[in-house]
Amino acid sequence: MRFSLSNIFKGDKVIWMIFFFLCVISLVEVFSSSSTLTFNKSNYWSPILKHGFILLIGVVLMVMVQNIDCKYFKIATIFLIMLSIATLIWVLLAGHTTNGAQRWVSFLGIQFQPSEIAKGTIVLAVAQILSAMQTENGTEEKTFKYVLYVTCPMLFLIMVENLSTAILIGMVVVGMMLYGRVSIRKVGKLIGVIAVAAVVLISLILILGKEEEPVANDKNNLTEQVAAKEGEKKDESIVDKLFHRAGTWKGRILKFVNNKETSAKDFDLSVDSQVGYSNIAIASSGLIGKGPGNSEMREVLPQAFSDFIYAIIIEELGLVGGIFVMFLYIFLLWRAGRIADRCANNFPAFLVMGLALLLVCQALFNMMVAVGLAPVTGQPLPLISKGGTSTIINCVYLGVILSVSISAKRKKKKQKAIATNGLSLYPSSKP
């Protein structure tokens, strides 16, 4: 067999093209926005080389996963559920804390967020439930209950440390149920219950949450300040450890709700640096931006290479570049819908739509935060923000979508062949 790129990148070519554009934008913007990291490491190339290596690992895994038959994803469901629950409990009891959030665990020297694995696991489990319970008139009555049994325990474990991720996954599950023809009446009741629960939760956060003291944007002693806060948490009770994020949530909610217009001279950038510098970056961008590598806010904007990279993209590439990135994600969702329509079975169709919704909803979350339409959540921009295991896992999700696209294409060709050969089975009555 001859070696060719088509033998390696066998999945949907449009998905690969979208991924290519996202990778190029990621490499350029991460390189541009990592000035703080290069200063701290005293190595100009270290951050981008590490990020490029992670993307390379992601590409390798995408190629590997796209060659796995979709039926094997079903077999992995139970194992992944047990792994997700075990690691989520692990992170709550003995996870590593970074920037006030206890979301990481280490295994064999590799640090990762269990919630990243749990996101895909929930989508995989819900897709399997929806496909198994399909009837001619929608899903069976018990489908709704089974979905809640599987998702609620993991969502609760995620919510304790990462409320925004739990909300994101909840939205994806609701979208999958609507796409999977679960009773609209039941989904509507669920949305109503979620709305009431959200009001109660926000009320408890505002009542019980202790507002954190503002941390000045001082890069010289930022590490010491964070370490001091983490040291104070060692003597907390179990209840305090479970709900210590309430103060952070309260601060973000109040900042978003009380986001009244403030004059430039009265705005305190040392306290609200993320929102302030992000707004400055976007406001100074113009239509075509300042050009790649010419960002001014990257020097002072915290997490410019991660949570707020979209603001740097707009500053350097302008409104045109920001819209282009947004449409890449929307086009990814549309293309996933086309792949799902070609699937002969329900499970791969639900799986593809669930994973696409997961990636696109997270991207929209990040963009809304950057432009001030949502409170700060800490959600990175998928496949663009500088990341470690999260970037690799997102590449695996795309690999699953590509795997389904390959099997859907084969089945479509087979159906055409059967239809063509079927016509030739009936000889003409003419002599």
# chains A, B, ... in the order shown; residues from 1 in each chain; ligands from 1

$ residues_around --residues "stretch 144-160 of chain A" --least-positions-apart "5" --cutoff "9 Å" --atoms "only C-alpha atoms" --output "PDB file with N, CA and C atoms, in the first residue's frame"
ATOM      1  N   ILE A  81     -16.801   5.301  33.385  1.00  0.00           N
ATOM      2  CA  ILE A  81     -17.647   5.807  34.464  1.00  0.00           C
ATOM      3  C   ILE A  81     -16.986   5.551  35.816  1.00  0.00           C
ATOM      4  N   SER A  84     -13.930   7.810  36.155  1.00  0.00           N
ATOM      5  CA  SER A  84     -14.302   9.211  36.375  1.00  0.00           C
ATOM      6  C   SER A  84     -14.732   9.445  37.812  1.00  0.00           C
ATOM      7  N   ILE A  85     -15.597   8.579  38.332  1.00  0.00           N
ATOM      8  CA  ILE A  85     -16.075   8.754  39.709  1.00  0.00           C
ATOM      9  C   ILE A  85     -14.913   8.611  40.697  1.00  0.00           C
ATOM     10  N   LEU A  88     -12.673  11.733  40.436  1.00  0.00           N
ATOM     11  CA  LEU A  88     -13.354  12.925  40.952  1.00  0.00           C
ATOM     12  C   LEU A  88     -13.372  12.929  42.475  1.00  0.00           C
ATOM     13  N   ILE A  89     -13.573  11.758  43.071  1.00  0.00           N
ATOM     14  CA  ILE A  89     -13.494  11.663  44.536  1.00  0.00           C
ATOM     15  C   ILE A  89     -12.056  11.899  44.999  1.00  0.00           C
ATOM     16  N   LEU A  92     -11.174  15.560  45.148  1.00  0.00           N
ATOM     17  CA  LEU A  92     -11.790  16.262  46.270  1.00  0.00           C
ATOM     18  C   LEU A  92     -11.048  15.993  47.584  1.00  0.00           C
ATOM     19  N   ARG A 103      -8.411  21.106  41.491  1.00  0.00           N
ATOM     20  CA  ARG A 103      -8.971  20.404  40.333  1.00  0.00           C
ATOM     21  C   ARG A 103      -8.011  19.389  39.722  1.00  0.00           C
ATOM     22  N   PRO A 114      -9.527  15.483  36.439  1.00  0.00           N
ATOM     23  CA  PRO A 114     -10.509  14.410  36.258  1.00  0.00           C
ATOM     24  C   PRO A 114     -11.792  14.877  35.570  1.00  0.00           C
ATOM     25  N   SER A 115     -12.139  16.147  35.742  1.00  0.00           N
ATOM     26  CA  SER A 115     -13.362  16.651  35.108  1.00  0.00           C
ATOM     27  C   SER A 115     -13.278  16.592  33.590  1.00  0.00           C
ATOM     28  N   ALA A 118     -14.283  13.159  32.797  1.00  0.00           N
ATOM     29  CA  ALA A 118     -15.693  12.971  33.143  1.00  0.00           C
ATOM     30  C   ALA A 118     -16.617  13.594  32.101  1.00  0.00           C
ATOM     31  N   ILE A 122     -19.548  11.333  30.420  1.00  0.00           N
ATOM     32  CA  ILE A 122     -20.980  11.627  30.519  1.00  0.00           C
ATOM     33  C   ILE A 122     -21.620  11.640  29.137  1.00  0.00           C
ATOM     34  N   ALA A 125     -21.891   8.023  27.927  1.00  0.00           N
ATOM     35  CA  ALA A 125     -22.934   7.269  28.632  1.00  0.00           C
ATOM     36  C   ALA A 125     -24.326   7.703  28.195  1.00  0.00           C
ATOM     37  N   VAL A 126     -24.548   9.001  28.074  1.00  0.00           N
ATOM     38  CA  VAL A 126     -25.866   9.508  27.659  1.00  0.00           C
ATOM     39  C   VAL A 126     -26.186   9.068  26.232  1.00  0.00           C
ATOM     40  N   ILE A 129     -27.303   5.458  26.394  1.00  0.00           N
ATOM     41  CA  ILE A 129     -28.650   5.320  26.950  1.00  0.00           C
ATOM     42  C   ILE A 129     -29.700   5.743  25.925  1.00  0.00           C
ATOM     43  N   LEU A 130     -29.485   6.869  25.285  1.00  0.00           N
ATOM     44  CA  LEU A 130     -30.453   7.373  24.309  1.00  0.00           C
ATOM     45  C   LEU A 130     -30.611   6.415  23.131  1.00  0.00           C
ATOM     46  N   THR A 139     -38.116   8.202  22.713  1.00  0.00           N
ATOM     47  CA  THR A 139     -37.472   7.286  23.648  1.00  0.00           C
ATOM     48  C   THR A 139     -38.502   6.710  24.620  1.00  0.00           C
ATOM     49  N   THR A 165     -17.926  24.163  34.830  1.00  0.00           N
ATOM     50  CA  THR A 165     -17.863  22.928  34.046  1.00  0.00           C
ATOM     51  C   THR A 165     -19.117  22.090  34.244  1.00  0.00           C
ATOM     52  N   ALA A 166     -19.622  22.034  35.484  1.00  0.00           N
ATOM     53  CA  ALA A 166     -20.854  21.296  35.754  1.00  0.00           C
ATOM     54  C   ALA A 166     -22.034  21.903  34.988  1.00  0.00           C
ATOM     55  N   ILE A 167     -22.104  23.230  34.958  1.00  0.00           N
ATOM     56  CA  ILE A 167     -23.171  23.900  34.201  1.00  0.00           C
ATOM     57  C   ILE A 167     -23.037  23.596  32.714  1.00  0.00           C
ATOM     58  N   ILE A 169     -21.629  20.955  31.228  1.00  0.00           N
ATOM     59  CA  ILE A 169     -22.020  19.579  30.923  1.00  0.00           C
ATOM     60  C   ILE A 169     -23.531  19.406  31.029  1.00  0.00           C
ATOM     61  N   GLY A 170     -24.137  20.060  32.028  1.00  0.00           N
ATOM     62  CA  GLY A 170     -25.587  19.991  32.163  1.00  0.00           C
ATOM     63  C   GLY A 170     -26.303  20.508  30.921  1.00  0.00           C
ATOM     64  N   VAL A 173     -25.983  17.875  28.178  1.00  0.00           N
ATOM     65  CA  VAL A 173     -26.883  16.727  28.405  1.00  0.00           C
ATOM     66  C   VAL A 173     -28.313  17.085  28.007  1.00  0.00           C
ATOM     67  N   MET A 177     -30.519  15.277  25.077  1.00  0.00           N
ATOM     68  CA  MET A 177     -31.850  14.698  25.297  1.00  0.00           C
ATOM     69  C   MET A 177     -32.858  15.238  24.292  1.00  0.00           C
ATOM     70  N   VAL A 182     -36.097  12.733  23.643  1.00  0.00           N
ATOM     71  CA  VAL A 182     -36.680  12.531  24.967  1.00  0.00           C
ATOM     72  C   VAL A 182     -37.889  13.459  25.080  1.00  0.00           C
ATOM     73  N   SER A 183     -38.904  13.034  25.836  1.00  0.00           N
ATOM     74  CA  SER A 183     -40.135  13.792  25.985  1.00  0.00           C
ATOM     75  C   SER A 183     -39.848  15.256  26.302  1.00  0.00           C
ATOM     76  N   LYS A 186     -40.874  16.312  29.784  1.00  0.00           N
ATOM     77  CA  LYS A 186     -39.947  15.974  30.865  1.00  0.00           C
ATOM     78  C   LYS A 186     -38.714  16.869  30.848  1.00  0.00           C
ATOM     79  N   VAL A 187     -38.207  17.147  29.666  1.00  0.00           N
ATOM     80  CA  VAL A 187     -37.050  18.038  29.570  1.00  0.00           C
ATOM     81  C   VAL A 187     -37.416  19.435  30.057  1.00  0.00           C
ATOM     82  N   LEU A 242     -15.203  21.386  51.061  1.00  0.00           N
ATOM     83  CA  LEU A 242     -16.141  21.109  49.976  1.00  0.00           C
ATOM     84  C   LEU A 242     -16.730  22.388  49.397  1.00  0.00           C
ATOM     85  N   PHE A 243     -16.907  23.409  50.239  1.00  0.00           N
ATOM     86  CA  PHE A 243     -17.603  24.612  49.788  1.00  0.00           C
ATOM     87  C   PHE A 243     -16.721  25.866  49.880  1.00  0.00           C
ATOM     88  N   HIS A 244     -15.409  25.669  49.851  1.00  0.00           N
ATOM     89  CA  HIS A 244     -14.534  26.825  49.959  1.00  0.00           C
ATOM     90  C   HIS A 244     -14.557  27.702  48.714  1.00  0.00           C
ATOM     91  N   ARG A 245     -15.090  27.193  47.594  1.00  0.00           N
ATOM     92  CA  ARG A 245     -15.159  27.974  46.363  1.00  0.00           C
ATOM     93  C   ARG A 245     -16.321  28.951  46.344  1.00  0.00           C
TER      94      ARG A 245
END

$ atom_distance --atom1 "atom CA of A:Leu287" --atom2 "atom CA of A:Leu317"
8.1 Å

$ residues_around --residues "A:Gly138" --least-positions-apart "4" --cutoff "12 Å" --atoms "only C-alpha atoms" --output "list in words"
Leu130, Ser131, Ala132, Met133, Gln134, Lys142, Thr143, Phe144, Met177, Leu178, Tyr179, Gly180, Arg181, Val182, Ser183, Ile184 and Asn346 of chain A

$ write_last_selection --atoms "N, CA, C and O atoms" --output "mmCIF file, in the first residue's frame"
data_model
loop_
_atom_site.group_PDB
_atom_site.id
_atom_site.type_symbol
_atom_site.label_atom_id
_atom_site.label_comp_id
_atom_site.auth_asym_id
_atom_site.auth_seq_id
_atom_site.Cartn_x
_atom_site.Cartn_y
_atom_site.Cartn_z
ATOM 1 N N LEU A 130 -29.485 6.869 25.285
ATOM 2 C CA LEU A 130 -30.453 7.373 24.309
ATOM 3 C C LEU A 130 -30.611 6.415 23.131
ATOM 4 O O LEU A 130 -31.727 6.189 22.647
ATOM 5 N N SER A 131 -29.505 5.850 22.677
ATOM 6 C CA SER A 131 -29.576 4.937 21.526
ATOM 7 C C SER A 131 -30.266 3.627 21.891
ATOM 8 O O SER A 131 -30.990 3.052 21.073
ATOM 9 N N ALA A 132 -30.054 3.148 23.118
ATOM 10 C CA ALA A 132 -30.642 1.869 23.533
ATOM 11 C C ALA A 132 -32.129 1.979 23.813
ATOM 12 O O ALA A 132 -32.849 0.968 23.745
ATOM 13 N N MET A 133 -32.614 3.178 24.099
ATOM 14 C CA MET A 133 -34.011 3.351 24.510
ATOM 15 C C MET A 133 -34.881 3.966 23.416
ATOM 16 O O MET A 133 -35.992 4.424 23.691
ATOM 17 N N GLN A 134 -34.403 3.966 22.180
ATOM 18 C CA GLN A 134 -35.163 4.579 21.088
ATOM 19 C C GLN A 134 -36.339 3.697 20.651
ATOM 20 O O GLN A 134 -36.233 2.478 20.604
ATOM 21 N N LYS A 142 -38.538 5.434 30.606
ATOM 22 C CA LYS A 142 -37.486 5.325 31.616
ATOM 23 C C LYS A 142 -36.184 6.015 31.210
ATOM 24 O O LYS A 142 -35.275 6.142 32.023
ATOM 25 N N THR A 143 -36.100 6.453 29.967
ATOM 26 C CA THR A 143 -34.849 7.048 29.479
ATOM 27 C C THR A 143 -34.430 8.241 30.311
ATOM 28 O O THR A 143 -33.264 8.359 30.718
ATOM 29 N N PHE A 144 -35.376 9.123 30.568
ATOM 30 C CA PHE A 144 -35.094 10.347 31.319
ATOM 31 C C PHE A 144 -34.506 10.020 32.687
ATOM 32 O O PHE A 144 -33.519 10.618 33.122
ATOM 33 N N MET A 177 -30.519 15.277 25.077
ATOM 34 C CA MET A 177 -31.850 14.698 25.297
ATOM 35 C C MET A 177 -32.858 15.238 24.292
ATOM 36 O O MET A 177 -33.709 14.503 23.793
ATOM 37 N N LEU A 178 -32.769 16.527 23.989
ATOM 38 C CA LEU A 178 -33.670 17.093 22.978
ATOM 39 C C LEU A 178 -33.392 16.484 21.608
ATOM 40 O O LEU A 178 -34.317 16.144 20.867
ATOM 41 N N TYR A 179 -32.107 16.337 21.267
ATOM 42 C CA TYR A 179 -31.741 15.729 19.988
ATOM 43 C C TYR A 179 -32.121 14.252 19.959
ATOM 44 O O TYR A 179 -32.473 13.719 18.901
ATOM 45 N N GLY A 180 -32.073 13.584 21.121
ATOM 46 C CA GLY A 180 -32.401 12.167 21.210
ATOM 47 C C GLY A 180 -33.871 11.876 21.371
ATOM 48 O O GLY A 180 -34.248 10.742 21.695
ATOM 49 N N ARG A 181 -34.734 12.888 21.210
ATOM 50 C CA ARG A 181 -36.190 12.737 21.215
ATOM 51 C C ARG A 181 -36.742 12.288 22.566
ATOM 52 O O ARG A 181 -37.723 11.560 22.637
ATOM 53 N N VAL A 182 -36.097 12.733 23.643
ATOM 54 C CA VAL A 182 -36.680 12.531 24.967
ATOM 55 C C VAL A 182 -37.889 13.459 25.080
ATOM 56 O O VAL A 182 -37.923 14.537 24.488
ATOM 57 N N SER A 183 -38.904 13.034 25.836
ATOM 58 C CA SER A 183 -40.135 13.792 25.985
ATOM 59 C C SER A 183 -39.848 15.256 26.302
ATOM 60 O O SER A 183 -39.166 15.571 27.284
ATOM 61 N N ILE A 184 -40.372 16.150 25.465
ATOM 62 C CA ILE A 184 -40.152 17.586 25.677
ATOM 63 C C ILE A 184 -40.757 18.031 26.995
ATOM 64 O O ILE A 184 -40.230 18.919 27.675
ATOM 65 N N ASN A 346 -28.098 4.914 15.815
ATOM 66 C CA ASN A 346 -28.340 6.059 16.689
ATOM 67 C C ASN A 346 -27.144 6.404 17.568
ATOM 68 O O ASN A 346 -26.840 7.579 17.779
#

$ select_by_dssp --residues "stretch 60-197 of chain A" --states "alpha helix (DSSP H)" --output "tab-separated table (two decimals) with C-alpha atoms, in the first residue's frame"
chain	number	residue	atom	x	y	z
A	60	VAL	CA	-1.10	11.35	16.95
A	61	LEU	CA	-3.94	10.35	19.26
A	62	MET	CA	-6.52	11.71	16.80
A	63	VAL	CA	-5.07	9.50	14.07
A	64	MET	CA	-5.08	6.50	16.40
A	65	VAL	CA	-8.61	7.05	17.73
A	66	GLN	CA	-10.11	7.63	14.29
A	71	LYS	CA	-18.57	-0.25	18.79
A	72	TYR	CA	-15.48	-0.32	21.01
A	73	PHE	CA	-16.42	3.06	22.51
A	74	LYS	CA	-19.51	1.35	23.96
A	75	ILE	CA	-17.35	-1.27	25.65
A	77	THR	CA	-18.33	3.18	28.91
A	78	ILE	CA	-18.53	1.26	32.21
A	79	PHE	CA	-14.77	1.44	32.73
A	80	LEU	CA	-14.73	5.20	32.08
A	81	ILE	CA	-17.65	5.81	34.46
A	82	MET	CA	-15.84	4.01	37.29
A	83	LEU	CA	-12.57	5.81	36.46
A	84	SER	CA	-14.30	9.21	36.37
A	85	ILE	CA	-16.08	8.75	39.71
A	86	ALA	CA	-12.91	7.42	41.37
A	87	THR	CA	-10.72	10.29	40.13
A	88	LEU	CA	-13.35	12.92	40.95
A	89	ILE	CA	-13.49	11.66	44.54
A	90	TRP	CA	-9.70	11.53	44.56
A	91	VAL	CA	-9.38	15.18	43.53
A	92	LEU	CA	-11.79	16.26	46.27
A	93	LEU	CA	-9.88	14.40	48.96
A	94	ALA	CA	-6.26	14.84	47.87
A	114	PRO	CA	-10.51	14.41	36.26
A	115	SER	CA	-13.36	16.65	35.11
A	116	GLU	CA	-11.90	16.61	31.57
A	117	ILE	CA	-12.28	12.82	31.46
A	118	ALA	CA	-15.69	12.97	33.14
A	119	LYS	CA	-17.04	15.35	30.47
A	120	GLY	CA	-16.49	12.88	27.65
A	121	THR	CA	-17.62	9.98	29.84
A	122	ILE	CA	-20.98	11.63	30.52
A	123	VAL	CA	-21.50	12.30	26.81
A	124	LEU	CA	-20.58	8.69	25.98
A	125	ALA	CA	-22.93	7.27	28.63
A	126	VAL	CA	-25.87	9.51	27.66
A	127	ALA	CA	-25.39	8.65	23.97
A	128	GLN	CA	-25.51	4.94	24.81
A	129	ILE	CA	-28.65	5.32	26.95
A	130	LEU	CA	-30.45	7.37	24.31
A	131	SER	CA	-29.58	4.94	21.53
A	132	ALA	CA	-30.64	1.87	23.53
A	143	THR	CA	-34.85	7.05	29.48
A	144	PHE	CA	-35.09	10.35	31.32
A	145	LYS	CA	-34.64	8.63	34.69
A	146	TYR	CA	-31.64	6.59	33.52
A	147	VAL	CA	-29.89	9.69	32.16
A	148	LEU	CA	-30.27	11.45	35.50
A	149	TYR	CA	-29.02	8.39	37.42
A	150	VAL	CA	-25.79	8.40	35.41
A	151	THR	CA	-25.11	12.13	35.14
A	152	CYS	CA	-26.19	13.62	38.48
A	153	PRO	CA	-23.55	11.92	40.71
A	154	MET	CA	-20.69	12.99	38.46
A	155	LEU	CA	-22.11	16.49	38.00
A	156	PHE	CA	-22.29	16.95	41.76
A	157	LEU	CA	-18.69	15.84	42.22
A	158	ILE	CA	-17.58	18.23	39.48
A	159	MET	CA	-19.68	21.11	40.80
A	160	VAL	CA	-17.92	21.23	44.16
A	161	GLU	CA	-14.68	22.48	42.63
A	163	LEU	CA	-19.22	24.97	38.97
A	164	SER	CA	-18.87	26.34	35.43
A	165	THR	CA	-17.86	22.93	34.05
A	166	ALA	CA	-20.85	21.30	35.75
A	167	ILE	CA	-23.17	23.90	34.20
A	168	LEU	CA	-21.55	23.36	30.80
A	169	ILE	CA	-22.02	19.58	30.92
A	170	GLY	CA	-25.59	19.99	32.16
A	171	MET	CA	-26.39	22.15	29.13
A	172	VAL	CA	-24.85	19.55	26.81
A	173	VAL	CA	-26.88	16.73	28.40
A	174	VAL	CA	-30.11	18.72	27.97
A	175	GLY	CA	-29.20	19.36	24.32
A	176	MET	CA	-28.50	15.66	23.77
A	177	MET	CA	-31.85	14.70	25.30
A	178	LEU	CA	-33.67	17.09	22.98
A	179	TYR	CA	-31.74	15.73	19.99
A	184	ILE	CA	-40.15	17.59	25.68
A	185	ARG	CA	-42.50	17.73	28.66
A	186	LYS	CA	-39.95	15.97	30.87
A	187	VAL	CA	-37.05	18.04	29.57
A	188	GLY	CA	-39.10	21.18	30.20
A	189	LYS	CA	-39.75	20.10	33.78
A	190	LEU	CA	-36.02	19.41	34.20
A	191	ILE	CA	-35.16	22.89	32.93
A	192	GLY	CA	-37.67	24.32	35.41
A	193	VAL	CA	-36.15	22.35	38.28
A	194	ILE	CA	-32.65	23.45	37.21
A	195	ALA	CA	-33.80	27.09	37.14
A	196	VAL	CA	-35.21	26.83	40.67
A	197	ALA	CA	-32.09	25.02	41.88

$ residues_around --residues "A:Val14" --least-positions-apart "5" --cutoff "12 Å" --atoms "only C-alpha atoms" --output "ChimeraX atom specification"
/A:9,19-21,328,331-336,338-339,398,401-402,405

$ write_last_selection --atoms "N, CA and C atoms" --output "CSV table (one decimal), in the first residue's frame"
chain,number,residue,atom,x,y,z
A,9,PHE,N,-4.8,10.7,7.5
A,9,PHE,CA,-5.9,11.6,7.8
A,9,PHE,C,-7.1,11.1,7.1
A,19,PHE,N,-9.6,21.8,12.4
A,19,PHE,CA,-8.6,21.5,13.4
A,19,PHE,C,-7.3,22.2,13.0
A,20,PHE,N,-6.9,22.1,11.7
A,20,PHE,CA,-5.7,22.7,11.3
A,20,PHE,C,-5.7,24.2,11.5
A,21,PHE,N,-6.8,24.9,11.2
A,21,PHE,CA,-6.9,26.3,11.4
A,21,PHE,C,-6.8,26.7,12.9
A,328,LEU,N,-15.4,29.2,13.1
A,328,LEU,CA,-14.8,27.8,13.0
A,328,LEU,C,-15.5,26.8,14.0
A,331,PHE,N,-19.0,26.1,12.7
A,331,PHE,CA,-18.9,25.3,11.5
A,331,PHE,C,-18.6,23.8,11.9
A,332,LEU,N,-17.8,23.7,13.0
A,332,LEU,CA,-17.5,22.4,13.6
A,332,LEU,C,-18.8,21.7,14.0
A,333,LEU,N,-19.7,22.4,14.7
A,333,LEU,CA,-21.0,21.9,15.1
A,333,LEU,C,-21.9,21.5,13.9
A,334,TRP,N,-21.9,22.4,12.9
A,334,TRP,CA,-22.7,22.1,11.7
A,334,TRP,C,-22.2,20.8,11.0
A,335,ARG,N,-20.8,20.7,10.9
A,335,ARG,CA,-20.3,19.6,10.2
A,335,ARG,C,-20.6,18.3,11.0
A,336,ALA,N,-20.5,18.4,12.3
A,336,ALA,CA,-20.9,17.2,13.2
A,336,ALA,C,-22.3,16.8,12.9
A,338,ARG,N,-23.9,17.1,10.1
A,338,ARG,CA,-23.9,16.4,8.8
A,338,ARG,C,-23.5,15.0,9.0
A,339,ILE,N,-22.4,14.8,9.8
A,339,ILE,CA,-21.9,13.4,10.0
A,339,ILE,C,-23.0,12.6,10.7
A,398,LEU,N,-12.1,14.9,19.2
A,398,LEU,CA,-12.2,15.1,17.7
A,398,LEU,C,-11.9,13.7,17.0
A,401,ILE,N,-15.0,11.8,16.8
A,401,ILE,CA,-15.9,12.3,15.7
A,401,ILE,C,-15.4,11.9,14.4
A,402,LEU,N,-14.1,11.9,14.2
A,402,LEU,CA,-13.5,11.4,12.9
A,402,LEU,C,-13.8,9.9,12.7
A,405,SER,N,-17.2,9.5,11.5
A,405,SER,CA,-17.3,10.0,10.1
A,405,SER,C,-16.8,9.0,9.1

$ atom_distance --atom1 "atom CA of A:Ile392" --atom2 "atom CA of A:Met326"
20.9 Å

$ closest_residue --among "A:Ile309, A:Ile18, A:Phe53, A:Thr135" --to "A:Ile330" --atoms "only C-alpha atoms"
A:Ile18

$ residues_around --residues "A:Asn366" --least-positions-apart "6" --cutoff "8 Å" --atoms "only C-alpha atoms" --output "PyMOL selection string"
chain A and resi 307-308+310+377-381

$ closest_residue --among "A:Leu383, A:Val404, A:Leu204, A:Val275" --to "A:Gly58" --atoms "only C-alpha atoms"
A:Leu383

$ select_by_dssp --residues "stretch 93-137 of chain A" --states "strand (DSSP E)" --output "number ranges by chain"
A: 96-98, 101-107, 110-112, 134-135
